[in-house]
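Undergrad: Input file: final11.csv. Contents: CSV, C-alpha atoms and all ligand atoms.
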chain,number,residue,atom,x,y,z
A,1333,MET,CA,-32.8,84.3,-73.1
A,1334,ASN,CA,-36.0,82.4,-72.3
A,1335,PRO,CA,-36.7,83.0,-68.5
A,1336,VAL,CA,-37.4,79.2,-67.8
A,1337,ARG,CA,-34.0,78.4,-69.4
A,1338,THR,CA,-32.3,81.1,-67.4
A,1339,LEU,CA,-33.8,79.7,-64.2
A,1340,ILE,CA,-32.8,76.1,-64.9
A,1341,LEU,CA,-29.3,77.1,-65.8
A,1342,ALA,CA,-29.1,79.1,-62.6
A,1343,ALA,CA,-30.2,76.0,-60.7
A,1344,ALA,CA,-27.4,74.1,-62.4
A,1345,GLY,CA,-24.9,76.2,-60.3
A,1346,ASN,CA,-27.0,76.1,-57.0
A,1347,ASP,CA,-25.7,73.7,-54.4
A,1348,ALA,CA,-29.0,73.5,-52.5
A,1349,VAL,CA,-31.0,72.6,-55.6
A,1350,ARG,CA,-28.3,70.2,-56.6
A,1351,ARG,CA,-28.6,68.3,-53.3
A,1352,VAL,CA,-32.4,68.0,-53.6
A,1353,VAL,CA,-32.4,66.9,-57.3
A,1354,ALA,CA,-29.4,64.5,-56.9
A,1355,THR,CA,-30.9,62.7,-53.9
A,1356,ALA,CA,-34.5,62.4,-55.2
A,1357,PRO,CA,-35.0,58.8,-56.1
A,1358,VAL,CA,-37.0,59.8,-59.2
A,1359,SER,CA,-34.0,61.6,-60.7
A,1360,ARG,CA,-32.5,58.2,-61.6
A,1361,ASP,CA,-35.3,57.5,-64.0
A,1362,VAL,CA,-35.0,60.8,-65.7
A,1363,VAL,CA,-31.2,60.6,-65.8
A,1364,ARG,CA,-31.4,57.3,-67.5
A,1365,ARG,CA,-32.9,58.9,-70.6
A,1366,PHE,CA,-29.8,61.1,-71.1
A,1367,VAL,CA,-27.0,59.2,-69.4
A,1368,ALA,CA,-25.8,55.7,-70.4
A,1369,GLY,CA,-25.1,54.6,-66.8
A,1370,GLU,CA,-22.5,55.1,-64.0
A,1371,THR,CA,-19.7,52.6,-64.8
A,1372,THR,CA,-17.2,52.0,-67.6
A,1373,ALA,CA,-19.0,48.7,-68.4
A,1374,ASP,CA,-22.3,50.7,-68.8
A,1375,ALA,CA,-20.5,53.1,-71.2
A,1376,ILE,CA,-19.0,50.2,-73.2
A,1377,ASP,CA,-22.4,48.5,-73.4
A,1378,ALA,CA,-24.1,51.6,-74.7
A,1379,ALA,CA,-21.2,52.3,-77.2
A,1380,GLY,CA,-21.5,48.7,-78.4
A,1381,ARG,CA,-25.2,48.9,-79.0
A,1382,LEU,CA,-25.0,52.2,-80.9
A,1383,ILE,CA,-22.1,51.1,-83.0
A,1384,GLY,CA,-24.0,47.9,-83.8
A,1385,ASP,CA,-26.8,50.1,-85.1
A,1386,GLY,CA,-24.3,51.8,-87.6
A,1387,LEU,CA,-23.6,54.9,-85.4
A,1388,ARG,CA,-20.3,56.2,-84.0
A,1389,VAL,CA,-19.9,57.5,-80.5
A,1390,THR,CA,-18.1,60.0,-78.4
A,1391,LEU,CA,-18.0,59.1,-74.7
A,1392,ASP,CA,-18.0,61.7,-71.9
A,1393,HIS,CA,-17.0,60.8,-68.4
A,1394,LEU,CA,-19.3,63.1,-66.5
A,1395,GLY,CA,-17.8,65.7,-64.2
A,1396,GLU,CA,-17.0,69.4,-64.4
A,1397,ASP,CA,-15.7,72.3,-62.3
A,1398,THR,CA,-13.3,70.1,-60.4
A,1399,THR,CA,-11.7,72.0,-57.5
A,1400,ASP,CA,-9.3,69.4,-56.1
A,1401,HIS,CA,-6.4,67.4,-57.4
A,1402,ASP,CA,-7.8,64.0,-56.4
A,1403,THR,CA,-11.0,64.4,-58.4
A,1404,ALA,CA,-9.0,65.6,-61.4
A,1405,GLU,CA,-6.8,62.5,-61.1
A,1406,ARG,CA,-9.8,60.1,-60.7
A,1407,THR,CA,-11.3,61.6,-63.9
A,1408,VAL,CA,-8.1,61.1,-65.9
A,1409,ARG,CA,-7.9,57.5,-64.6
A,1410,ALA,CA,-11.5,56.9,-65.6
A,1411,TYR,CA,-10.7,58.0,-69.2
A,1412,LEU,CA,-7.6,55.8,-69.3
A,1413,GLU,CA,-9.6,52.8,-68.1
A,1414,LEU,CA,-12.4,53.6,-70.7
A,1415,LEU,CA,-9.9,53.9,-73.6
A,1416,ASP,CA,-8.2,50.7,-72.6
A,1417,GLN,CA,-11.5,48.8,-72.5
A,1418,LEU,CA,-12.6,50.4,-75.9
A,1419,HIS,CA,-9.4,49.0,-77.4
A,1420,ALA,CA,-9.8,45.6,-75.7
A,1421,VAL,CA,-13.3,45.1,-77.1
A,1422,GLY,CA,-12.5,46.3,-80.5
A,1423,LEU,CA,-14.7,49.5,-80.5
A,1424,ALA,CA,-12.0,52.2,-80.6
A,1425,ALA,CA,-12.2,52.7,-84.4
A,1426,ASP,CA,-15.8,54.0,-84.0
A,1427,ALA,CA,-15.5,55.6,-80.5
A,1428,GLU,CA,-13.7,58.7,-79.4
A,1429,VAL,CA,-13.8,60.5,-76.1
A,1430,SER,CA,-15.0,64.0,-75.2
A,1431,VAL,CA,-13.2,65.8,-72.3
A,1432,LYS,CA,-14.1,68.9,-70.3
A,1433,LEU,CA,-10.9,70.7,-69.3
A,1434,SER,CA,-12.6,71.8,-66.1
A,1435,ALA,CA,-13.1,68.1,-65.1
A,1436,VAL,CA,-9.3,67.4,-65.4
A,1437,GLY,CA,-8.2,70.5,-63.5
A,1438,LEU,CA,-8.5,73.7,-65.5
A,1439,HIS,CA,-9.7,75.7,-62.4
A,1440,LEU,CA,-6.6,74.4,-60.6
A,1441,GLY,CA,-4.3,75.7,-63.4
A,1442,GLU,CA,-3.9,75.6,-67.1
A,1443,THR,CA,-0.7,73.5,-66.9
A,1444,LEU,CA,-2.4,70.8,-64.9
A,1445,ALA,CA,-5.3,70.7,-67.4
A,1446,LEU,CA,-2.8,70.4,-70.3
A,1447,ASP,CA,-0.8,67.7,-68.5
A,1448,ASN,CA,-3.9,65.7,-67.7
A,1449,ALA,CA,-5.5,66.2,-71.2
A,1450,SER,CA,-2.2,65.1,-72.7
A,1451,ARG,CA,-2.3,61.8,-70.7
A,1452,VAL,CA,-5.8,61.2,-72.1
A,1453,CYS,CA,-4.7,62.0,-75.7
A,1454,ALA,CA,-1.7,59.7,-75.4
A,1455,ALA,CA,-4.0,56.9,-74.2
A,1456,ALA,CA,-6.4,57.6,-77.0
A,1457,GLU,CA,-3.6,57.4,-79.5
A,1458,GLN,CA,-2.5,54.1,-78.0
A,1459,ALA,CA,-6.0,52.8,-78.2
A,1460,GLY,CA,-6.4,53.9,-81.9
A,1461,THR,CA,-8.8,56.8,-81.4
A,1462,THR,CA,-8.8,60.5,-80.5
A,1463,VAL,CA,-10.2,63.2,-78.2
A,1464,THR,CA,-12.5,66.2,-78.6
A,1465,LEU,CA,-12.3,69.0,-76.0
A,1466,ASP,CA,-15.8,70.0,-75.0
A,1467,MET,CA,-16.3,73.8,-74.8
A,1468,GLU,CA,-17.6,75.2,-71.5
A,1469,ASP,CA,-18.7,78.7,-70.5
A,1470,HIS,CA,-17.2,81.7,-72.2
A,1471,THR,CA,-14.8,82.4,-69.3
A,1472,THR,CA,-12.9,79.3,-70.3
A,1473,THR,CA,-12.9,79.7,-74.1
A,1474,ASP,CA,-9.4,81.3,-74.5
A,1475,ALA,CA,-7.8,78.8,-72.1
A,1476,THR,CA,-9.4,75.9,-73.8
A,1477,LEU,CA,-8.2,77.1,-77.2
A,1478,ARG,CA,-4.7,77.6,-75.8
A,1479,VAL,CA,-4.6,74.0,-74.4
A,1480,LEU,CA,-6.1,72.7,-77.7
A,1481,ALA,CA,-3.3,74.4,-79.7
A,1482,GLU,CA,-0.7,72.8,-77.4
A,1483,LEU,CA,-2.3,69.3,-77.6
A,1484,ARG,CA,-2.5,69.6,-81.4
A,1485,ARG,CA,1.3,70.0,-81.6
A,1486,HIS,CA,1.5,66.3,-80.7
A,1487,TRP,CA,-2.0,65.1,-81.6
A,1488,PRO,CA,-3.3,67.1,-84.6
A,1489,SER,CA,-6.6,65.2,-84.7
A,1490,VAL,CA,-7.7,66.5,-81.3
A,1491,GLY,CA,-11.2,68.1,-81.9
A,1492,ALA,CA,-12.2,71.6,-81.0
A,1493,VAL,CA,-15.8,72.7,-80.1
A,1494,LEU,CA,-17.1,76.1,-81.0
A,1495,GLN,CA,-20.4,77.5,-79.9
A,1496,ALA,CA,-22.6,79.5,-82.4
A,1497,TYR,CA,-24.1,81.6,-79.7
A,1498,LEU,CA,-20.8,83.4,-78.9
A,1499,ARG,CA,-20.2,86.6,-80.9
A,1500,ARG,CA,-16.5,85.7,-81.3
A,1501,THR,CA,-17.2,82.3,-82.8
A,1502,LEU,CA,-17.1,83.2,-86.5
A,1503,ASP,CA,-13.6,84.5,-86.1
A,1504,ASP,CA,-12.6,81.3,-84.2
A,1505,VAL,CA,-14.2,79.2,-86.9
A,1506,ARG,CA,-12.1,81.0,-89.5
A,1507,ASP,CA,-8.9,80.2,-87.5
A,1508,LEU,CA,-9.8,76.6,-87.1
A,1509,ALA,CA,-11.7,75.7,-90.4
A,1510,ASP,CA,-8.8,73.5,-91.6
A,1511,THR,CA,-9.0,71.3,-88.5
A,1512,ARG,CA,-11.5,68.9,-86.7
A,1513,VAL,CA,-14.2,71.2,-85.3
A,1514,ARG,CA,-17.6,70.4,-83.6
A,1515,LEU,CA,-20.0,73.2,-84.1
A,1516,CYS,CA,-22.9,73.4,-81.6
A,1517,LYS,CA,-25.3,76.2,-80.5
A,1518,GLY,CA,-23.9,76.4,-76.9
A,1519,ALA,CA,-25.5,75.2,-73.7
A,1520,TYR,CA,-24.5,77.7,-70.9
A,1521,ALA,CA,-26.2,80.9,-69.6
A,1522,GLU,CA,-24.1,83.6,-71.2
A,1523,PRO,CA,-24.5,87.5,-71.0
A,1524,PRO,CA,-25.6,89.4,-74.1
A,1525,SER,CA,-22.2,91.2,-74.0
A,1526,VAL,CA,-20.6,88.0,-75.3
A,1527,ALA,CA,-23.4,85.9,-76.8
A,1528,TYR,CA,-26.5,86.2,-79.0
A,1529,THR,CA,-29.5,85.7,-76.9
A,1530,ASP,CA,-32.2,85.7,-79.6
A,1531,PRO,CA,-32.5,82.0,-80.8
A,1532,HIS,CA,-33.0,83.3,-84.4
A,1533,GLU,CA,-29.6,85.1,-84.3
A,1534,VAL,CA,-27.9,82.0,-82.9
A,1535,ASP,CA,-29.3,79.9,-85.8
A,1536,LEU,CA,-28.1,82.5,-88.3
A,1537,ASN,CA,-24.7,82.4,-86.8
A,1538,TYR,CA,-24.7,78.6,-86.8
A,1539,VAL,CA,-25.4,78.7,-90.6
A,1540,ARG,CA,-22.6,81.4,-91.1
A,1541,CYS,CA,-20.1,79.2,-89.1
A,1542,ALA,CA,-21.3,76.0,-90.9
A,1543,ASN,CA,-20.5,77.7,-94.3
A,1544,ALA,CA,-17.1,78.8,-93.1
A,1545,LEU,CA,-16.3,75.3,-91.9
A,1546,LEU,CA,-17.5,73.6,-95.1
A,1547,ALA,CA,-15.4,76.1,-97.1
A,1548,GLY,CA,-12.3,74.9,-95.2
A,1549,SER,CA,-10.3,71.7,-95.6
A,1550,GLY,CA,-11.0,70.4,-92.1
A,1551,TYR,CA,-13.4,67.9,-90.8
A,1552,PRO,CA,-16.6,69.6,-89.5
A,1553,MET,CA,-18.8,67.9,-86.9
A,1554,PHE,CA,-22.3,69.4,-86.8
A,1555,ALA,CA,-23.7,68.9,-83.4
A,1556,THR,CA,-27.4,69.8,-83.4
A,1557,HIS,CA,-30.9,68.2,-83.2
A,1558,ASP,CA,-32.5,71.1,-85.0
A,1559,PRO,CA,-34.2,69.7,-88.1
A,1560,ARG,CA,-33.9,72.9,-90.0
A,1561,LEU,CA,-30.2,73.2,-89.4
A,1562,ILE,CA,-29.6,69.6,-90.2
A,1563,GLU,CA,-31.3,70.2,-93.6
A,1564,ILE,CA,-29.4,73.4,-94.3
A,1565,VAL,CA,-26.1,71.8,-93.4
A,1566,GLY,CA,-26.8,68.8,-95.7
A,1567,GLU,CA,-27.7,71.3,-98.6
A,1568,ARG,CA,-24.6,73.5,-98.0
A,1569,ALA,CA,-22.3,70.4,-97.8
A,1570,ARG,CA,-23.6,69.3,-101.3
A,1571,TRP,CA,-23.1,72.9,-102.6
A,1572,TYR,CA,-19.5,72.8,-101.3
A,1573,GLY,CA,-19.0,69.4,-103.1
A,1574,LYS,CA,-18.5,67.5,-99.8
A,1575,SER,CA,-19.0,63.8,-99.7
A,1576,VAL,CA,-20.7,62.1,-96.7
A,1577,GLU,CA,-17.3,61.1,-95.5
A,1578,ASP,CA,-16.1,64.7,-95.3
A,1579,PHE,CA,-18.2,65.7,-92.3
A,1580,GLU,CA,-20.5,64.2,-89.7
A,1581,PHE,CA,-23.6,64.9,-87.7
A,1582,GLN,CA,-23.6,64.6,-83.9
A,1583,LEU,CA,-26.5,64.2,-81.5
A,1584,LEU,CA,-26.9,63.5,-77.8
A,1585,HIS,CA,-27.7,60.2,-76.3
A,1586,GLY,CA,-31.5,60.0,-75.7
A,1587,VAL,CA,-32.4,63.0,-78.0
A,1588,ARG,CA,-34.1,62.3,-81.3
A,1589,PRO,CA,-32.9,58.6,-81.5
A,1590,GLY,CA,-35.1,58.1,-84.6
A,1591,GLU,CA,-33.4,60.9,-86.4
A,1592,GLN,CA,-30.0,59.5,-85.5
A,1593,ARG,CA,-30.8,56.2,-87.3
A,1594,HIS,CA,-32.6,58.0,-90.1
A,1595,LEU,CA,-29.5,60.1,-90.9
A,1596,ALA,CA,-27.3,57.1,-90.7
A,1597,ALA,CA,-29.6,55.1,-93.0
A,1598,GLU,CA,-29.3,58.0,-95.5
A,1599,GLY,CA,-25.5,57.4,-95.6
A,1600,HIS,CA,-24.4,60.1,-93.2
A,1601,VAL,CA,-21.7,59.6,-90.6
A,1602,VAL,CA,-23.6,60.1,-87.3
A,1603,ARG,CA,-21.9,60.2,-83.9
A,1604,VAL,CA,-23.8,60.0,-80.6
A,1605,TYR,CA,-22.5,61.8,-77.6
A,1606,VAL,CA,-22.7,59.3,-74.7
A,1607,PRO,CA,-22.2,60.6,-71.2
A,1608,TYR,CA,-21.7,58.2,-68.3
A,1609,GLY,CA,-20.7,58.5,-64.6
A,1610,ASP,CA,-22.4,59.6,-61.4
A,1611,GLN,CA,-21.7,63.4,-61.7
A,1612,TRP,CA,-24.7,63.9,-64.0
A,1613,TYR,CA,-26.3,66.9,-62.3
A,1614,GLY,CA,-24.9,69.8,-64.4
A,1615,TYR,CA,-25.3,67.8,-67.6
A,1616,LEU,CA,-29.0,67.0,-66.8
A,1617,MET,CA,-29.8,70.6,-66.0
A,1618,ARG,CA,-28.5,71.8,-69.3
A,1619,ARG,CA,-30.6,69.1,-71.1
A,1620,LEU,CA,-33.7,70.2,-69.2
A,1621,ALA,CA,-33.0,73.9,-70.1
A,1622,GLU,CA,-32.8,73.1,-73.8
A,1623,ARG,CA,-36.4,72.0,-74.0
A,1624,PRO,CA,-39.4,72.9,-71.8
A,1625,ALA,CA,-41.0,69.5,-72.5
A,1626,ASN,CA,-38.0,67.9,-70.7
A,1627,VAL,CA,-38.9,69.9,-67.6
A,1628,ALA,CA,-42.5,68.7,-67.9
A,1629,PHE,CA,-41.2,65.1,-68.3
A,1630,PHE,CA,-39.1,65.6,-65.1
A,1631,LEU,CA,-41.9,67.1,-63.1
A,1632,ARG,CA,-44.4,64.5,-64.2
A,1633,SER,CA,-42.2,61.7,-63.1
A,1634,LEU,CA,-42.0,63.4,-59.7
A,1635,VAL,CA,-45.8,63.5,-59.2
A,1636,THR,CA,-46.7,60.2,-60.8
A,1637,ARG,CA,-44.4,58.0,-58.8
B,1701,LIG,P1,-32.4,73.4,-80.2
B,1701,LIG,O1,-33.0,74.6,-80.9
B,1701,LIG,O2,-32.1,73.5,-78.8
B,1701,LIG,O3,-33.3,72.1,-80.4
B,1701,LIG,C1,-33.8,71.8,-81.7
B,1701,LIG,C2,-34.8,70.6,-81.5
B,1701,LIG,O4,-34.0,69.5,-81.0
B,1701,LIG,C3,-35.8,70.8,-80.3
B,1701,LIG,O5,-36.9,71.5,-80.8
B,1701,LIG,C4,-36.0,69.4,-79.9
B,1701,LIG,O6,-36.9,68.8,-80.8
B,1701,LIG,C5,-34.7,68.8,-80.0
B,1701,LIG,N1,-33.9,68.9,-78.8
B,1701,LIG,C6,-32.8,69.7,-78.5
B,1701,LIG,N2,-32.3,69.5,-77.3
B,1701,LIG,C7,-33.1,68.6,-76.7
B,1701,LIG,C8,-33.1,68.0,-75.4
B,1701,LIG,N3,-32.2,68.3,-74.5
B,1701,LIG,N4,-34.1,67.1,-75.2
B,1701,LIG,C9,-35.0,66.7,-76.1
B,1701,LIG,N5,-35.0,67.3,-77.3
B,1701,LIG,C10,-34.1,68.2,-77.6
B,1701,LIG,N6,-22.8,72.6,-75.9
B,1701,LIG,C11,-21.7,73.3,-75.4
B,1701,LIG,O7,-21.9,74.4,-74.9
B,1701,LIG,N7,-20.4,72.7,-75.4
B,1701,LIG,C12,-20.2,71.5,-75.9
B,1701,LIG,O8,-19.1,71.0,-75.9
B,1701,LIG,C13,-21.3,70.8,-76.5
B,1701,LIG,N8,-21.2,69.6,-77.1
B,1701,LIG,C14,-22.2,69.0,-77.7
B,1701,LIG,C15,-22.1,67.8,-78.4
B,1701,LIG,C16,-23.1,67.2,-79.1
B,1701,LIG,C17,-22.9,66.0,-79.8
B,1701,LIG,C18,-24.4,67.9,-79.1
B,1701,LIG,C19,-25.5,67.3,-79.9
B,1701,LIG,C20,-24.6,69.0,-78.4
B,1701,LIG,C21,-23.5,69.6,-77.7
B,1701,LIG,N9,-23.7,70.8,-77.0
B,1701,LIG,C22,-22.6,71.4,-76.4
B,1701,LIG,C23,-25.1,71.3,-76.7
B,1701,LIG,C24,-25.5,72.3,-77.7
B,1701,LIG,O9,-24.7,73.5,-77.5
B,1701,LIG,C25,-27.0,72.6,-77.5
B,1701,LIG,O10,-27.2,73.1,-76.3
B,1701,LIG,C26,-27.9,71.4,-77.8
B,1701,LIG,O11,-27.5,70.6,-78.8
B,1701,LIG,C27,-29.3,71.9,-78.1
B,1701,LIG,O12,-29.3,72.7,-79.3
B,1701,LIG,P2,-29.8,72.2,-80.7
B,1701,LIG,O13,-28.8,72.5,-81.8
B,1701,LIG,O14,-30.1,70.7,-80.7
B,1701,LIG,O15,-31.1,73.1,-81.1
Could you write out this file's structure as structure tokens?
TA:
Amino acid sequence: MNPVRTLILAAAGNDAVRRVVATAPVSRDVVRRFVAGETTADAIDAAGRLIGDGLRVTLDHLGEDTTDHDTAERTVRAYLELLDQLHAVGLAADAEVSVKLSAVGLHLGETLALDNASRVCAAAEQAGTTVTLDMEDHTTTDATLRVLAELRRHWPSVGAVLQAYLRRTLDDVRDLADTRVRLCKGAYAEPPSVAYTDPHEVDLNYVRCANALLAGSGYPMFATHDPRLIEIVGERARWYGKSVEDFEFQLLHGVRPGEQRHLAAEGHVVRVYVPYGDQWYGYLMRRLAERPANVAFFLRSLVTR
């Protein structure tokens, strides 16, 4: 893995660095590029604007690695309020939610995470939409897939996320290819024993997994900003006889916004991942790690203030 990327992802787990970055006033400006705001109203506003532009959204209430019951409960309530509001303003048909199991209590126990995720799924159903379970680092993959399987007994449309950098993923894709699956490259610092570390190998595995998803009868969601992969997925989808309604592209809020609109104008379903909330530190560090230019942007804003 690129050493700068390794360093930034290490900082994502370092409490001292977190305190410095989170309290620097400048961080707010940088955060604003990637995060829609702190409140439910900010999230609803951002969703409304994107949906008005012909895009769909998946909303993520920021937070991860929750270690106490109160925080897990607050996270669940934030999702319930969000889903209620999405329904009230008539956006639920074009807006789903993304949930990290670690935010709703996975580290406190799988049963708690399942119970809490079930409450969010029930609220999503009531609102007229659904949920996708984000995938976190590889130590949580098996637990996340177990919880997913349980949730799908009641809510078959709950989405899975699989990461092309993991060596196991092609097998997981084959198991889940008849369901709703988001395929991404993967955003965490993973050891070579479980993950491809050469970006070229990750891309190759992304294409292998994309083919396996397109060969299935499920609904693939291709989460990438990589122009080459977007083109390949489009071509392979045509080869498999898929129509534009049979799959979607997903991109992150603030990343390649022009491409988001360009793909939608071509007739593709495009969903934008919109994070909101005040627990933005880990999310921001992963976005900085993905692209050295983002670090330069961050450092420049520190010195030009
Ligand atoms: P890259 O090779 O990283 O990037 C290709 C090009 O895209 C870059 O050259 C650049 O032009 C642009 N680009 C990419 N990232 C950025 C950025 N941060 N800022 C500016 N430009 C950028 N990962 C998980 O591990 N679990 C998840 O649940 C998960 N969910 C995701 C959901 C969505 C909708 C998306 C889009 C990504 C998600 N990811 C998730 C992150 C993903 O794994 C990658 O880390 C991220 O998308 C970067 O990979 P890439 O495919 O865009 O390709």
Undergrad: So which residues fall inside 7 Å of (-24.9, 61.2, -64.8) if we count all atoms listed in the file? Mind giving them as a list in words?
TA: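 Residues with an atom close enough to that point: Val1363, Val1367, Gly1369, Glu1370, Leu1394, Pro1607, Tyr1608, Gly1609, Asp1610, Gln1611, Trp1612 and Tyr1613 of chain A.
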Undergrad: Could the residues in this selection be saved with C-alpha atoms as a PDB file, keeping the file's coordinate frame?
TA:
ATOM      1  CA  VAL A1363     -31.200  60.600 -65.800  1.00  0.00           C
ATOM      2  CA  VAL A1367     -27.000  59.200 -69.400  1.00  0.00           C
ATOM      3  CA  GLY A1369     -25.100  54.600 -66.800  1.00  0.00           C
ATOM      4  CA  GLU A1370     -22.500  55.100 -64.000  1.00  0.00           C
ATOM      5  CA  LEU A1394     -19.300  63.100 -66.500  1.00  0.00           C
ATOM      6  CA  PRO A1607     -22.200  60.600 -71.200  1.00  0.00           C
ATOM      7  CA  TYR A1608     -21.700  58.200 -68.300  1.00  0.00           C
ATOM      8  CA  GLY A1609     -20.700  58.500 -64.600  1.00  0.00           C
ATOM      9  CA  ASP A1610     -22.400  59.600 -61.400  1.00  0.00           C
ATOM     10  CA  GLN A1611     -21.700  63.400 -61.700  1.00  0.00           C
ATOM     11  CA  TRP A1612     -24.700  63.900 -64.000  1.00  0.00           C
ATOM     12  CA  TYR A1613     -26.300  66.900 -62.300  1.00  0.00           C
TER      13      TYR A1613
END
Undergrad: May I have the residues within 7 Å of ligand LIG 1701 (chain B), computed using only C-alpha atoms and all ligand atoms, as a ChimeraX atom specification?
TA: /A:1466-1469,1493,1495,1516-1520,1555-1559,1582-1584,1587-1588,1604-1605,1619-1620,1622-1623,1626
Undergrad: Work out how far apart CA of Arg1570 (chain A) and CA of Asn1543 (chain A) are and give it in Å to one decimal.
TA: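 Between CA of Arg1570 (chain A) and CA of Asn1543 (chain A) the gap is 11.4 Å.
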Undergrad: Which residue out of A:Ala1449, A:Leu1382, A:Leu1465, A:Leu1339 has the minimum interatomic distance to Val1436 (chain A) when all atoms listed in the file are used?
TA: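 Among the listed residues, A:Ala1449 lies closest to Val1436 (chain A).
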Undergrad: Can you tell me which residues surround Thr1473 (chain A) at a distance of at most 12 Å, considering only C-alpha atoms, apart from same-chain residues fewer than 2 positions away, and format the answer as an MDAnalysis selection string?
TA: chainID A and resid 1432:1434 1438 1465:1471 1475:1480 1492:1495 1498 1500:1501 1504 1518 1526
Undergrad: Between A:Val1452, A:Ala1521, A:Ala1424, A:Val1565, which is the closest to Met1617 (chain A) once you count all atoms listed in the file?
TA: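 Counting all atoms listed in the file, the residue closest to Met1617 (chain A) is A:Ala1521.
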Undergrad: Do you have the CA of Arg1381 (chain A)-CA of Ala1425 (chain A) distance handy?
TA: 14.6 Å
Undergrad: Rounded to one decimal in Å, what is the spacing between CA of Ala1454 (chain A) and CA of Val1606 (chain A)?
TA: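 Spanning CA of Ala1454 (chain A) to CA of Val1606 (chain A) is a straight-line distance of 21.0 Å.
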Undergrad: Using only C-alpha atoms, find the one residue out of A:Leu1440, A:Ala1544, A:Ala1596, A:Leu1414 that sits nearest to Ala1427 (chain A).
TA: A:Leu1414
Undergrad: Between A:Ser1430, A:Ser1489, A:Gln1592, A:Ser1549, which is the closest to Thr1390 (chain A) once you count all atoms listed in the file?
TA: A:Ser1430
Undergrad: Fewer than 6 positions away in the same chain doesn't count, so skip those; otherwise give me all residues within 12 Å of Ser1575 (chain A), counting only C-alpha atoms, as a list in words.
TA: Leu1546, Tyr1551, Pro1552, Gly1566, Glu1567, Arg1568, Ala1569, Gly1599, His1600 and Val1601 of chain A
Undergrad: Which is closer to Leu1483 (chain A) than all the others in A:Val1534, A:Val1389, A:Ala1368, A:Val1463, using all atoms listed in the file?
TA: A:Val1463
Undergrad: Given 3 Å on each side, where is the centre and what are the edge lengths in Å to one decimal of the axis-aligned box enclosing the listed atoms of region 1543-1548 of chain A, as lines of an AutoDock Vina configuration file?
TA:
center_x = -16.4
center_y = 76.2
center_z = -94.5
size_x = 14.2
size_y = 11.2
size_z = 11.2
Undergrad: From the set A:Phe1366, A:Tyr1497, A:Asp1507, A:Met1553, which residue has the shortest atom-to-atom contact distance to Glu1522 (chain A), counting all atoms listed in the file?
TA: A:Tyr1497
